[in-house]
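Note: the block below is input38.cif and it holds mmCIF, C-alpha atoms.
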```
data_model
loop_
_atom_site.label_atom_id
_atom_site.label_comp_id
_atom_site.auth_asym_id
_atom_site.auth_seq_id
_atom_site.Cartn_x
_atom_site.Cartn_y
_atom_site.Cartn_z
CA MET A 1 -75.42 2.26 -7.33
CA ALA A 2 -74.34 3.76 -4.00
CA ALA A 3 -73.57 0.28 -2.65
CA GLY A 4 -70.83 -0.29 -5.22
CA TYR A 5 -69.02 2.94 -4.43
CA GLY A 6 -69.69 2.52 -0.69
CA ASP A 7 -68.20 -0.97 -0.68
CA MET A 8 -65.10 0.36 -2.40
CA LEU A 9 -64.70 3.33 -0.05
CA ARG A 10 -65.16 1.15 3.04
CA THR A 11 -62.15 -0.92 2.01
CA ARG A 12 -59.24 -0.16 4.31
CA TYR A 13 -57.10 2.77 3.11
CA ALA A 14 -59.27 3.44 0.02
CA ALA A 15 -60.84 6.68 1.28
CA ARG A 16 -57.49 7.92 2.60
CA LEU A 17 -55.71 7.29 -0.69
CA LEU A 18 -58.45 8.86 -2.79
CA THR A 19 -58.76 11.95 -0.56
CA GLY A 20 -55.00 12.40 -0.21
CA THR A 21 -54.53 12.16 -3.95
CA LEU A 22 -57.27 14.69 -4.70
CA VAL A 23 -55.90 17.16 -2.15
CA GLY A 24 -52.37 16.56 -3.40
CA ARG A 25 -53.47 17.37 -6.95
CA LEU A 26 -55.05 20.71 -6.06
CA PRO A 27 -51.92 22.75 -6.93
CA ASN A 28 -51.85 21.29 -10.43
CA ALA A 29 -55.62 21.57 -10.96
CA THR A 30 -55.63 25.26 -9.97
CA ALA A 31 -52.23 26.34 -11.31
CA ALA A 32 -53.40 27.99 -14.54
CA LEU A 33 -55.93 30.23 -12.78
CA ALA A 34 -53.69 30.92 -9.78
CA ILE A 35 -50.81 32.00 -12.01
CA VAL A 36 -53.00 34.38 -14.01
CA LEU A 37 -54.54 35.95 -10.90
CA PHE A 38 -51.14 36.45 -9.26
CA VAL A 39 -49.51 37.98 -12.35
CA ARG A 40 -52.40 40.38 -12.88
CA ALA A 41 -52.33 41.38 -9.20
CA GLU A 42 -48.62 42.16 -9.55
CA GLY A 43 -49.29 44.39 -12.55
CA GLY A 44 -48.16 41.92 -15.19
CA SER A 45 -49.81 41.56 -18.56
CA LEU A 46 -52.16 38.80 -19.64
CA GLY A 47 -49.53 37.80 -22.20
CA LEU A 48 -46.96 37.27 -19.44
CA ALA A 49 -49.48 35.27 -17.41
CA SER A 50 -50.22 33.07 -20.43
CA ALA A 51 -46.51 32.54 -21.09
CA LEU A 52 -45.82 31.54 -17.49
CA SER A 53 -48.81 29.17 -17.49
CA ALA A 54 -47.53 27.62 -20.71
CA VAL A 55 -44.06 27.09 -19.20
CA TYR A 56 -45.65 25.45 -16.17
CA GLY A 57 -47.74 23.20 -18.43
CA VAL A 58 -44.81 22.13 -20.60
CA ALA A 59 -42.62 21.42 -17.57
CA ASN A 60 -45.44 19.39 -16.05
CA ALA A 61 -45.90 17.39 -19.27
CA VAL A 62 -42.19 16.55 -19.31
CA GLY A 63 -41.93 15.79 -15.62
CA GLN A 64 -44.92 13.48 -15.16
CA PRO A 65 -43.67 10.45 -17.14
CA LEU A 66 -40.08 10.92 -15.88
CA LEU A 67 -41.20 11.03 -12.26
CA GLY A 68 -43.57 8.14 -12.97
CA ARG A 69 -40.60 6.10 -14.18
CA ALA A 70 -38.69 7.04 -11.03
CA VAL A 71 -41.63 5.84 -8.91
CA ASP A 72 -41.58 2.49 -10.70
CA LEU A 73 -37.86 2.20 -10.02
CA TYR A 74 -37.58 3.52 -6.46
CA GLY A 75 -41.06 3.38 -4.92
CA GLN A 76 -43.65 6.04 -4.15
CA PRO A 77 -42.41 7.67 -0.90
CA LYS A 78 -38.86 8.28 -2.16
CA VAL A 79 -40.10 10.16 -5.21
CA MET A 80 -43.54 11.63 -4.58
CA PHE A 81 -43.02 13.47 -1.31
CA PRO A 82 -39.69 15.13 -2.26
CA ALA A 83 -41.25 16.07 -5.61
CA ALA A 84 -44.29 17.62 -3.87
CA VAL A 85 -42.00 19.68 -1.62
CA LEU A 86 -39.87 20.89 -4.55
CA SER A 87 -42.97 21.79 -6.56
CA ALA A 88 -44.37 23.76 -3.60
CA LEU A 89 -41.03 25.53 -3.16
CA GLY A 90 -41.14 26.51 -6.83
CA MET A 91 -44.59 28.08 -6.38
CA THR A 92 -43.43 29.74 -3.14
CA LEU A 93 -40.47 31.26 -4.98
CA PHE A 94 -42.93 32.54 -7.57
CA ALA A 95 -45.21 34.02 -4.89
CA VAL A 96 -42.52 35.74 -2.80
CA GLY A 97 -40.48 37.01 -5.72
CA SER A 98 -41.34 39.75 -8.14
CA LEU A 99 -41.99 39.55 -11.87
CA ASP A 100 -38.74 41.40 -12.50
CA PRO A 101 -36.20 40.08 -13.37
CA LEU A 102 -38.19 37.75 -15.62
CA PRO A 103 -35.88 34.71 -15.42
CA LEU A 104 -36.91 34.21 -11.79
CA PRO A 105 -40.64 33.56 -12.33
CA TYR A 106 -39.88 31.42 -15.37
CA LEU A 107 -37.44 29.33 -13.32
CA ALA A 108 -40.06 29.01 -10.58
CA MET A 109 -42.60 27.75 -13.12
CA VAL A 110 -40.16 25.15 -14.46
CA VAL A 111 -39.48 23.82 -10.96
CA ALA A 112 -43.14 23.85 -9.89
CA GLY A 113 -44.37 22.18 -13.07
CA PHE A 114 -41.62 19.61 -13.52
CA PHE A 115 -41.73 18.33 -9.92
CA THR A 116 -45.51 17.99 -9.68
CA PRO A 117 -45.76 14.48 -8.15
CA PRO A 118 -47.43 11.82 -10.33
CA LEU A 119 -50.18 11.17 -7.80
CA GLU A 120 -52.74 10.19 -10.44
CA GLY A 121 -50.62 7.38 -11.82
CA GLY A 122 -49.55 6.37 -8.34
CA LEU A 123 -53.12 5.99 -7.10
CA ARG A 124 -54.17 3.93 -10.10
CA ALA A 125 -51.16 1.68 -9.55
CA LEU A 126 -52.23 1.12 -5.94
CA TRP A 127 -55.91 0.31 -6.47
CA PRO A 128 -55.55 -3.38 -7.43
CA SER A 129 -53.35 -4.23 -4.43
CA VAL A 130 -55.67 -2.32 -2.07
CA LEU A 131 -59.07 -3.44 -3.40
CA LYS A 132 -58.26 -6.98 -4.65
CA ASP A 133 -61.64 -7.31 -6.35
CA GLU A 134 -62.53 -6.58 -9.96
CA GLY A 135 -65.86 -4.96 -9.10
CA ARG A 136 -64.27 -2.63 -6.55
CA ILE A 137 -61.47 -1.71 -8.94
CA HIS A 138 -64.05 -0.92 -11.64
CA ALA A 139 -65.87 1.33 -9.15
CA ALA A 140 -62.58 2.93 -8.04
CA TYR A 141 -61.53 3.87 -11.57
CA SER A 142 -64.99 5.35 -12.21
CA LEU A 143 -64.96 7.28 -8.94
CA ASP A 144 -61.45 8.48 -9.79
CA ALA A 145 -62.70 9.89 -13.09
CA ILE A 146 -65.72 11.48 -11.38
CA ALA A 147 -63.56 13.02 -8.65
CA GLN A 148 -61.28 14.45 -11.32
CA GLU A 149 -64.22 16.33 -12.80
CA VAL A 150 -65.29 17.56 -9.36
CA MET A 151 -61.78 18.78 -8.61
CA TYR A 152 -61.58 20.83 -11.79
CA VAL A 153 -64.91 22.43 -10.92
CA VAL A 154 -64.24 23.02 -7.21
CA GLY A 155 -60.55 23.92 -7.52
CA PRO A 156 -61.07 27.30 -9.20
CA LEU A 157 -63.74 28.16 -6.61
CA ILE A 158 -61.24 27.46 -3.84
CA ILE A 159 -58.62 29.66 -5.49
CA THR A 160 -60.98 32.57 -6.07
CA GLY A 161 -62.21 32.25 -2.48
CA PHE A 162 -58.69 32.52 -1.06
CA VAL A 163 -57.94 35.44 -3.38
CA ALA A 164 -61.09 37.26 -2.26
CA PHE A 165 -60.47 36.77 1.46
CA TRP A 166 -56.69 37.01 1.43
CA SER A 167 -54.54 37.58 -1.68
CA PRO A 168 -53.31 35.79 -4.81
CA ALA A 169 -49.97 35.10 -3.10
CA GLY A 170 -51.77 33.75 -0.04
CA ALA A 171 -53.84 31.48 -2.25
CA LEU A 172 -50.64 30.05 -3.73
CA TYR A 173 -49.20 29.40 -0.25
CA VAL A 174 -52.29 27.61 1.05
CA ILE A 175 -53.00 25.53 -2.05
CA ASN A 176 -49.42 24.29 -2.29
CA LEU A 177 -49.26 23.53 1.43
CA LEU A 178 -52.41 21.46 0.99
CA GLY A 179 -50.73 19.74 -1.95
CA VAL A 180 -47.77 18.71 0.20
CA LEU A 181 -50.07 17.47 2.97
CA GLY A 182 -52.11 15.46 0.46
CA ALA A 183 -48.99 13.80 -0.93
CA LEU A 184 -47.81 13.11 2.63
CA ALA A 185 -51.11 11.40 3.46
CA VAL A 186 -50.63 9.10 0.48
CA VAL A 187 -46.95 8.18 0.85
CA THR A 188 -47.19 7.48 4.60
CA SER A 189 -49.99 4.95 4.08
CA PRO A 190 -48.98 1.27 4.30
CA PRO A 191 -50.13 0.47 0.72
CA SER A 192 -47.91 3.22 -0.70
CA ARG A 193 -44.93 2.27 1.47
CA GLN A 194 -45.26 -1.43 0.65
CA TRP A 195 -45.95 -1.08 -3.08
CA ARG A 196 -43.14 -2.21 -5.35
CA SER A 197 -43.02 -2.40 -9.10
CA GLU A 198 -41.95 -5.61 -10.75
CA PRO A 199 -38.45 -5.66 -12.21
CA ARG A 200 -38.39 -4.05 -15.63
CA ASP A 201 -36.23 -4.50 -18.67
CA ALA A 202 -33.71 -1.69 -18.99
CA HIS A 203 -34.74 0.35 -22.01
CA TRP A 204 -34.80 4.09 -22.56
CA LEU A 205 -38.33 3.96 -24.01
CA GLY A 206 -39.73 2.42 -20.83
CA ALA A 207 -43.54 2.26 -20.93
CA LEU A 208 -43.61 3.54 -24.51
CA ARG A 209 -42.55 0.12 -25.82
CA SER A 210 -46.15 -1.05 -25.34
CA ARG A 211 -48.05 -0.74 -28.63
CA GLY A 212 -51.35 -0.74 -26.78
CA LEU A 213 -50.24 2.19 -24.63
CA LEU A 214 -49.18 4.14 -27.73
CA VAL A 215 -52.67 3.68 -29.17
CA LEU A 216 -54.20 5.00 -25.96
CA LEU A 217 -51.86 7.99 -25.91
CA GLY A 218 -52.86 8.88 -29.46
CA THR A 219 -56.53 8.46 -28.59
CA PHE A 220 -56.43 10.66 -25.51
CA PHE A 221 -54.28 13.26 -27.19
CA CYS A 222 -57.18 13.68 -29.62
CA ILE A 223 -59.75 13.73 -26.81
CA GLY A 224 -57.65 16.33 -24.99
CA THR A 225 -57.60 18.37 -28.18
CA ALA A 226 -61.40 18.24 -28.27
CA LEU A 227 -61.74 19.37 -24.66
CA GLY A 228 -59.22 22.18 -25.04
CA SER A 229 -61.08 23.51 -28.06
CA ILE A 230 -64.43 23.28 -26.24
CA ALA A 231 -63.07 25.40 -23.39
CA LEU A 232 -61.99 28.16 -25.76
CA ALA A 233 -65.10 27.91 -27.92
CA ALA A 234 -67.23 28.20 -24.77
CA VAL A 235 -65.50 31.47 -23.92
CA ALA A 236 -66.11 32.72 -27.47
CA TYR A 237 -69.76 31.65 -27.24
CA GLY A 238 -70.08 33.50 -23.95
CA GLY A 239 -68.69 36.62 -25.58
CA ASP A 240 -71.56 36.51 -28.06
CA HIS A 241 -74.27 35.56 -25.55
CA GLY A 242 -73.75 37.45 -22.31
CA GLY A 243 -70.16 37.19 -21.14
CA ASP A 244 -67.94 34.90 -19.08
CA THR A 245 -70.84 33.75 -16.88
CA VAL A 246 -72.37 31.96 -19.86
CA ALA A 247 -69.04 30.30 -20.61
CA GLY A 248 -69.02 29.12 -17.01
CA TYR A 249 -72.47 27.62 -17.48
CA LEU A 250 -71.30 25.61 -20.47
CA LEU A 251 -68.16 24.29 -18.80
CA SER A 252 -70.03 23.47 -15.61
CA ALA A 253 -72.65 21.62 -17.65
CA LEU A 254 -69.87 19.65 -19.33
CA GLY A 255 -68.59 18.65 -15.88
CA VAL A 256 -72.08 17.74 -14.65
CA GLY A 257 -72.60 15.55 -17.71
CA ALA A 258 -69.32 13.79 -17.00
CA LEU A 259 -70.35 13.26 -13.36
CA ILE A 260 -73.65 11.70 -14.42
CA GLY A 261 -72.03 9.47 -17.03
CA GLY A 262 -69.25 8.36 -14.69
CA THR A 263 -71.66 7.57 -11.88
CA ILE A 264 -73.85 5.42 -14.12
CA TYR A 265 -70.88 3.68 -15.73
CA GLY A 266 -69.23 2.78 -12.42
CA ALA A 267 -72.42 1.45 -10.85
CA ARG A 268 -72.39 -1.86 -12.71
CA GLN A 269 -70.26 -4.26 -14.70
CA TRP A 270 -70.57 -4.03 -18.48
CA PRO A 271 -70.26 -6.78 -21.12
CA GLY A 272 -67.30 -7.15 -23.41
CA THR A 273 -63.61 -6.49 -22.88
CA PRO A 274 -62.42 -3.06 -21.74
CA GLU A 275 -60.83 -2.57 -25.16
CA GLN A 276 -64.18 -3.14 -26.90
CA ARG A 277 -66.00 -0.92 -24.42
CA LEU A 278 -63.51 1.88 -24.95
CA ARG A 279 -64.27 1.97 -28.67
CA VAL A 280 -67.99 2.21 -27.95
CA LEU A 281 -67.52 4.92 -25.32
CA VAL A 282 -65.25 7.04 -27.51
CA ALA A 283 -67.73 6.67 -30.37
CA GLY A 284 -70.43 8.00 -28.04
CA LEU A 285 -68.14 10.85 -27.01
CA ALA A 286 -67.51 11.84 -30.62
CA VAL A 287 -71.18 11.66 -31.61
CA CYS A 288 -72.26 13.78 -28.62
CA TYR A 289 -69.88 16.56 -29.68
CA VAL A 290 -71.68 16.97 -33.02
CA PRO A 291 -74.80 18.81 -31.71
CA LEU A 292 -72.54 21.56 -30.37
CA LEU A 293 -72.21 22.71 -34.00
CA LEU A 294 -75.83 23.89 -33.86
CA VAL A 295 -74.81 26.71 -31.47
CA PRO A 296 -78.38 27.42 -30.26
CA GLY A 297 -79.47 29.78 -27.47
CA VAL A 298 -77.95 29.69 -23.99
CA VAL A 299 -80.38 27.24 -22.37
CA ALA A 300 -80.27 24.75 -25.24
CA MET A 301 -76.51 25.15 -25.56
CA THR A 302 -76.06 24.41 -21.86
CA VAL A 303 -78.06 21.20 -22.27
CA LEU A 304 -75.97 20.20 -25.28
CA ALA A 305 -72.79 20.85 -23.29
CA GLY A 306 -74.07 18.51 -20.60
CA VAL A 307 -74.78 15.83 -23.19
CA ALA A 308 -71.28 16.33 -24.63
CA GLY A 309 -69.79 15.47 -21.24
CA VAL A 310 -71.73 12.26 -20.56
CA PHE A 311 -69.20 9.86 -22.13
CA LEU A 312 -66.06 11.66 -20.86
CA ALA A 313 -65.71 10.14 -17.37
CA PRO A 314 -66.68 6.63 -18.56
CA SER A 315 -64.06 6.87 -21.32
CA LEU A 316 -61.43 7.89 -18.77
CA ALA A 317 -62.43 5.15 -16.34
CA CYS A 318 -62.32 2.50 -19.06
CA ALA A 319 -58.97 3.83 -20.30
CA PHE A 320 -57.50 3.41 -16.81
CA VAL A 321 -58.35 -0.30 -16.94
CA VAL A 322 -56.93 -0.65 -20.45
CA VAL A 323 -53.69 1.09 -19.44
CA ASP A 324 -53.40 -1.32 -16.52
CA ARG A 325 -53.81 -4.28 -18.87
CA HIS A 326 -51.32 -3.10 -21.47
CA ALA A 327 -48.56 -1.48 -19.39
CA LEU A 328 -45.38 -3.51 -19.67
CA ARG A 329 -43.95 -5.17 -16.59
CA GLY A 330 -42.46 -2.62 -14.21
CA THR A 331 -43.87 0.47 -15.95
CA VAL A 332 -47.39 0.95 -14.56
CA THR A 333 -46.93 4.37 -12.90
CA GLU A 334 -45.02 5.70 -15.87
CA ALA A 335 -47.74 4.42 -18.22
CA PHE A 336 -50.49 6.22 -16.31
CA SER A 337 -48.34 9.36 -16.20
CA TRP A 338 -47.92 9.29 -19.97
CA LEU A 339 -51.72 9.20 -20.28
CA VAL A 340 -51.93 12.35 -18.14
CA THR A 341 -49.28 14.01 -20.30
CA SER A 342 -50.88 13.13 -23.64
CA PHE A 343 -54.25 14.37 -22.43
CA GLY A 344 -52.79 17.66 -21.17
CA VAL A 345 -50.72 18.32 -24.30
CA GLY A 346 -53.75 17.58 -26.46
CA ALA A 347 -55.81 20.10 -24.48
CA ALA A 348 -53.15 22.76 -25.03
CA ILE A 349 -53.07 22.00 -28.76
CA GLY A 350 -56.86 22.13 -28.93
CA THR A 351 -56.90 25.57 -27.34
CA ALA A 352 -54.23 26.74 -29.76
CA LEU A 353 -56.19 25.42 -32.77
CA ALA A 354 -59.59 26.71 -31.70
CA GLY A 355 -58.39 30.30 -31.23
CA PRO A 356 -57.44 30.91 -34.88
CA ALA A 357 -60.47 28.88 -36.03
CA VAL A 358 -62.79 31.25 -34.16
CA GLU A 359 -60.95 34.46 -35.03
CA ASN A 360 -60.30 33.81 -38.71
CA GLY A 361 -63.88 34.01 -39.88
CA GLY A 362 -65.20 30.65 -38.70
CA GLY A 363 -66.75 31.99 -35.52
CA VAL A 364 -67.89 29.93 -32.57
CA THR A 365 -69.07 27.07 -34.80
CA ALA A 366 -65.53 26.62 -36.11
CA GLY A 367 -64.25 26.36 -32.53
CA PHE A 368 -66.67 23.55 -31.76
CA ALA A 369 -65.83 21.94 -35.11
CA VAL A 370 -62.28 21.44 -33.80
CA ALA A 371 -63.80 19.46 -30.92
CA VAL A 372 -65.84 17.32 -33.30
CA CYS A 373 -62.74 16.60 -35.39
CA GLY A 374 -60.81 15.70 -32.23
CA GLY A 375 -63.51 13.29 -31.09
CA PHE A 376 -63.71 11.44 -34.39
CA ALA A 377 -59.92 11.42 -34.73
CA ALA A 378 -59.77 9.64 -31.36
CA LEU A 379 -62.28 7.06 -32.60
CA LEU A 380 -60.34 6.63 -35.84
CA VAL A 381 -57.14 5.89 -33.89
CA LEU A 382 -58.90 3.17 -31.91
CA VAL A 383 -60.47 1.61 -35.00
CA LEU A 384 -57.36 1.65 -37.17
CA ALA A 385 -55.10 0.37 -34.40
CA ARG A 386 -57.47 -2.19 -32.91
CA ARG A 387 -54.98 -5.02 -33.48
CA ALA A 388 -52.38 -3.28 -31.33
CA LEU A 389 -55.04 -2.79 -28.66
CA ARG A 390 -56.51 -6.27 -28.82
CA ALA A 391 -57.68 -7.75 -25.53
CA PRO A 392 -55.39 -10.08 -23.55
CA GLU A 393 -55.85 -13.72 -24.34
CA ALA A 394 -56.33 -14.85 -20.75
CA PRO A 395 -59.55 -14.06 -18.86
CA SER A 396 -59.44 -11.10 -16.49
CA THR A 397 -59.34 -12.26 -12.88
CA VAL A 398 -58.01 -9.71 -10.41
CA VAL A 399 -55.65 -11.17 -7.86
CA ALA A 400 -53.85 -9.66 -4.90
CA ARG A 401 -50.69 -8.50 -6.58
CA SER A 402 -48.85 -5.26 -6.26
CA GLU A 403 -48.04 -4.39 -9.82
CA ASN A 404 -48.92 -4.44 -13.49
CA ASP A 405 -50.28 -7.84 -14.39
CA ARG A 406 -52.86 -7.65 -11.64
CA ASN A 407 -55.63 -8.94 -13.87
CA GLY A 408 -53.79 -12.14 -14.50
CA ALA A 409 -53.69 -11.23 -18.17
CA VAL A 410 -50.98 -12.23 -20.57
CA GLU A 411 -49.58 -9.14 -22.24
CA PRO A 412 -46.63 -8.60 -24.54
CA GLY A 413 -43.57 -8.23 -22.37
CA PHE A 414 -45.18 -9.73 -19.22
CA SER A 415 -43.68 -12.66 -17.43
CA THR A 416 -46.68 -14.49 -16.02
CA GLY A 417 -44.75 -16.44 -13.43
CA VAL A 418 -43.07 -13.48 -11.78
CA GLN A 419 -44.71 -11.61 -8.94
CA ALA A 420 -43.52 -8.50 -7.16
#
```
Encoded form (structure tokens):
Amino acid sequence: MAAGYGDMLRTRYAARLLTGTLVGRLPNATAALAIVLFVRAEGGSLGLASALSAVYGVANAVGQPLLGRAVDLYGQPKVMFPAAVLSALGMTLFAVGSLDPLPLPYLAMVVAGFFTPPLEGGLRALWPSVLKDEGRIHAAYSLDAIAQEVMYVVGPLIITGFVAFWSPAGALYVINLLGVLGALAVVTSPPSRQWRSEPRDAHWLGALRSRGLLVLLGTFFCIGTALGSIALAAVAYGGDHGGDTVAGYLLSALGVGALIGGTIYGARQWPGTPEQRLRVLVAGLAVCYVPLLLVPGVVAMTVLAGVAGVFLAPSLACAFVVVDRHALRGTVTEAFSWLVTSFGVGAAIGTALAGPAVENGGGVTAGFAVAVCGGFAALLVLVLARRALRAPEAPSTVVARSENDRNGAVEPGFSTGVQA
């Protein structure tokens, strides 16, 4: 198991790209908590903090695919580093300014959210040209999904640590400086500087012309909805069983389950096409949400939360491969960025749905029921749209290419004789 990940990380530039991307994503991973802590420290209300976080989230959802398209057109360094600097400047404006007049912090949130660099999509676009081996790429996508879970667990601890030893404003300064340095480490690497997207057909829909990608976006919107509802339902459960600490146990257990599942999934090759595997993994994800409806005591509930997370990282890792296979020529970074956006918007919708479900008489069980519905809705999308997501006709053989059709697969809209 360790050998597969070790072989991947020993590949030249792999560790640098993975580490730089994770550090560069810290501002985005910690933004929601950092914004709330800063607003409360400045005497603002929780409602204002929620509104500013929502503005940041919406701006981020809009900016990711647009910046991803710009990366496909102009390359990574010309887009990602300036975007990282502008995003950091937006957060700096937020930290040095006051909450009055209100247009200023809202403007800062728009700038910080919109210009968050699409490092996730950029890294996944680079892996095939860096690793050049199907087994290593499989391990890289799995490790990427695992690292994502670690970041969302460790990120809040970093923020609260800086707040405790310095201040909320100081935490914003340091985290966003680290974000710029992480992006710089990525874009100054030879793979990032040399990477070029294939020429693309001029069309305003860009990556969204791929039917397979649209199926994935619908699927992960539903999965995001499930996760957003679980987060809120966990807080509600904690309120009934001992407070926020219990909610933290549940969410940490969810992350630990994802780490275990991702580690096992990435340690070996699995039979079948990625499209077939994704249906199986999402089915497992949906089924593992169902026991949450039992809402037992804290210990049992923590175990069930861990089980609910087992198929999350494998589903993400498999989806990364499927996106790579179905992204149209010249749209790979944009395609990955759309996946990030659909997942994030779904999470926001899930939180919004679970709140009324819990408060309007359904209780904690109703909150987890939203997650169950989201999981099975994701599976339903994959089953009903399986023709649009059918596997490529040609066998998957990774070759040393710098852009989309790196698996040698024939996809709608691909020109098999053209290389970047």
If we count all atoms listed in the file, what is near range 229-243 of chain A at a cut-off of 6 Å, once residues fewer than 5 positions away on the same chain are taken out, given as a PDB file with C-alpha atoms, in the frame of the given file?
```
ATOM      1  CA  GLY A 350     -56.860  22.130 -28.930  1.00  0.00           C
ATOM      2  CA  THR A 351     -56.900  25.570 -27.340  1.00  0.00           C
ATOM      3  CA  ALA A 354     -59.590  26.710 -31.700  1.00  0.00           C
ATOM      4  CA  VAL A 364     -67.890  29.930 -32.570  1.00  0.00           C
ATOM      5  CA  GLY A 367     -64.250  26.360 -32.530  1.00  0.00           C
ATOM      6  CA  PHE A 368     -66.670  23.550 -31.760  1.00  0.00           C
ATOM      7  CA  ALA A 371     -63.800  19.460 -30.920  1.00  0.00           C
TER       8      ALA A 371
END
```
Residues of range 335-384 of chain A that approach range 70-79 of chain A to 12 Å or less, counting only C-alpha atoms: could you list each one with the shortest pair of atoms and its distance in Å to one decimal, rows by chain and increasing residue number, as CSV?
```
residue,atom,partner,partner_atom,distance
A:Ala335,CA,A:Asp72,CA,9.9
A:Phe336,CA,A:Asp72,CA,11.2
A:Ser337,CA,A:Val71,CA,10.5
```
Item checked: Point-to-point distance from CA of Met8 in chain A to CA of Arg136 in chain A, Å rounded to tenths -> 5.2 Å
Checklist line | Residues within 9 Å of (-52.5, 28.3, -2.0), file coords, all atoms listed in the file, listed as an NGL selection string | finding: :A and (26-27 or 34 or 158-159 or 162 or 168-179)
Next item on the list: Name the residues that the PyMOL selection byres ((chain A and resi 23) around 12) pulls out of this structure, and write them as a ChimeraX atom specification.
Entry: /A:16-22,24-30,84,119-120,147-148,150-152,154-155,158,174-186
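Closest approach to Ala300 in chain A among A:Ala253, A:Leu339, A:Val62, A:Val187 is made by A:Ala253 (distances from only C-alpha atoms).
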Next item on the list: Would you mind listing what lies within 12 Å of Asp100 in chain A as an NGL selection string, with all atoms listed in the file counted and same-chain residues fewer than 5 positions away left out?
Entry: :A and (39 or 42-44 or 48 or 94 or 105-106)
Those residues with C-alpha atoms, as a PDB file, in the frame of the given file please?
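So out_28.pdb came out as:
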```
ATOM      1  CA  VAL A  39     -49.510  37.980 -12.350  1.00  0.00           C
ATOM      2  CA  GLU A  42     -48.620  42.160  -9.550  1.00  0.00           C
ATOM      3  CA  GLY A  43     -49.290  44.390 -12.550  1.00  0.00           C
ATOM      4  CA  GLY A  44     -48.160  41.920 -15.190  1.00  0.00           C
ATOM      5  CA  LEU A  48     -46.960  37.270 -19.440  1.00  0.00           C
ATOM      6  CA  PHE A  94     -42.930  32.540  -7.570  1.00  0.00           C
ATOM      7  CA  PRO A 105     -40.640  33.560 -12.330  1.00  0.00           C
ATOM      8  CA  TYR A 106     -39.880  31.420 -15.370  1.00  0.00           C
TER       9      TYR A 106
END
```
Check: Expressed in Å to a single decimal, how great is the separation between CA of Thr302 in chain A and CA of Tyr249 in chain A?
Finding: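 Atom-to-atom, CA of Thr302 in chain A and CA of Tyr249 in chain A are spaced 6.5 Å apart.
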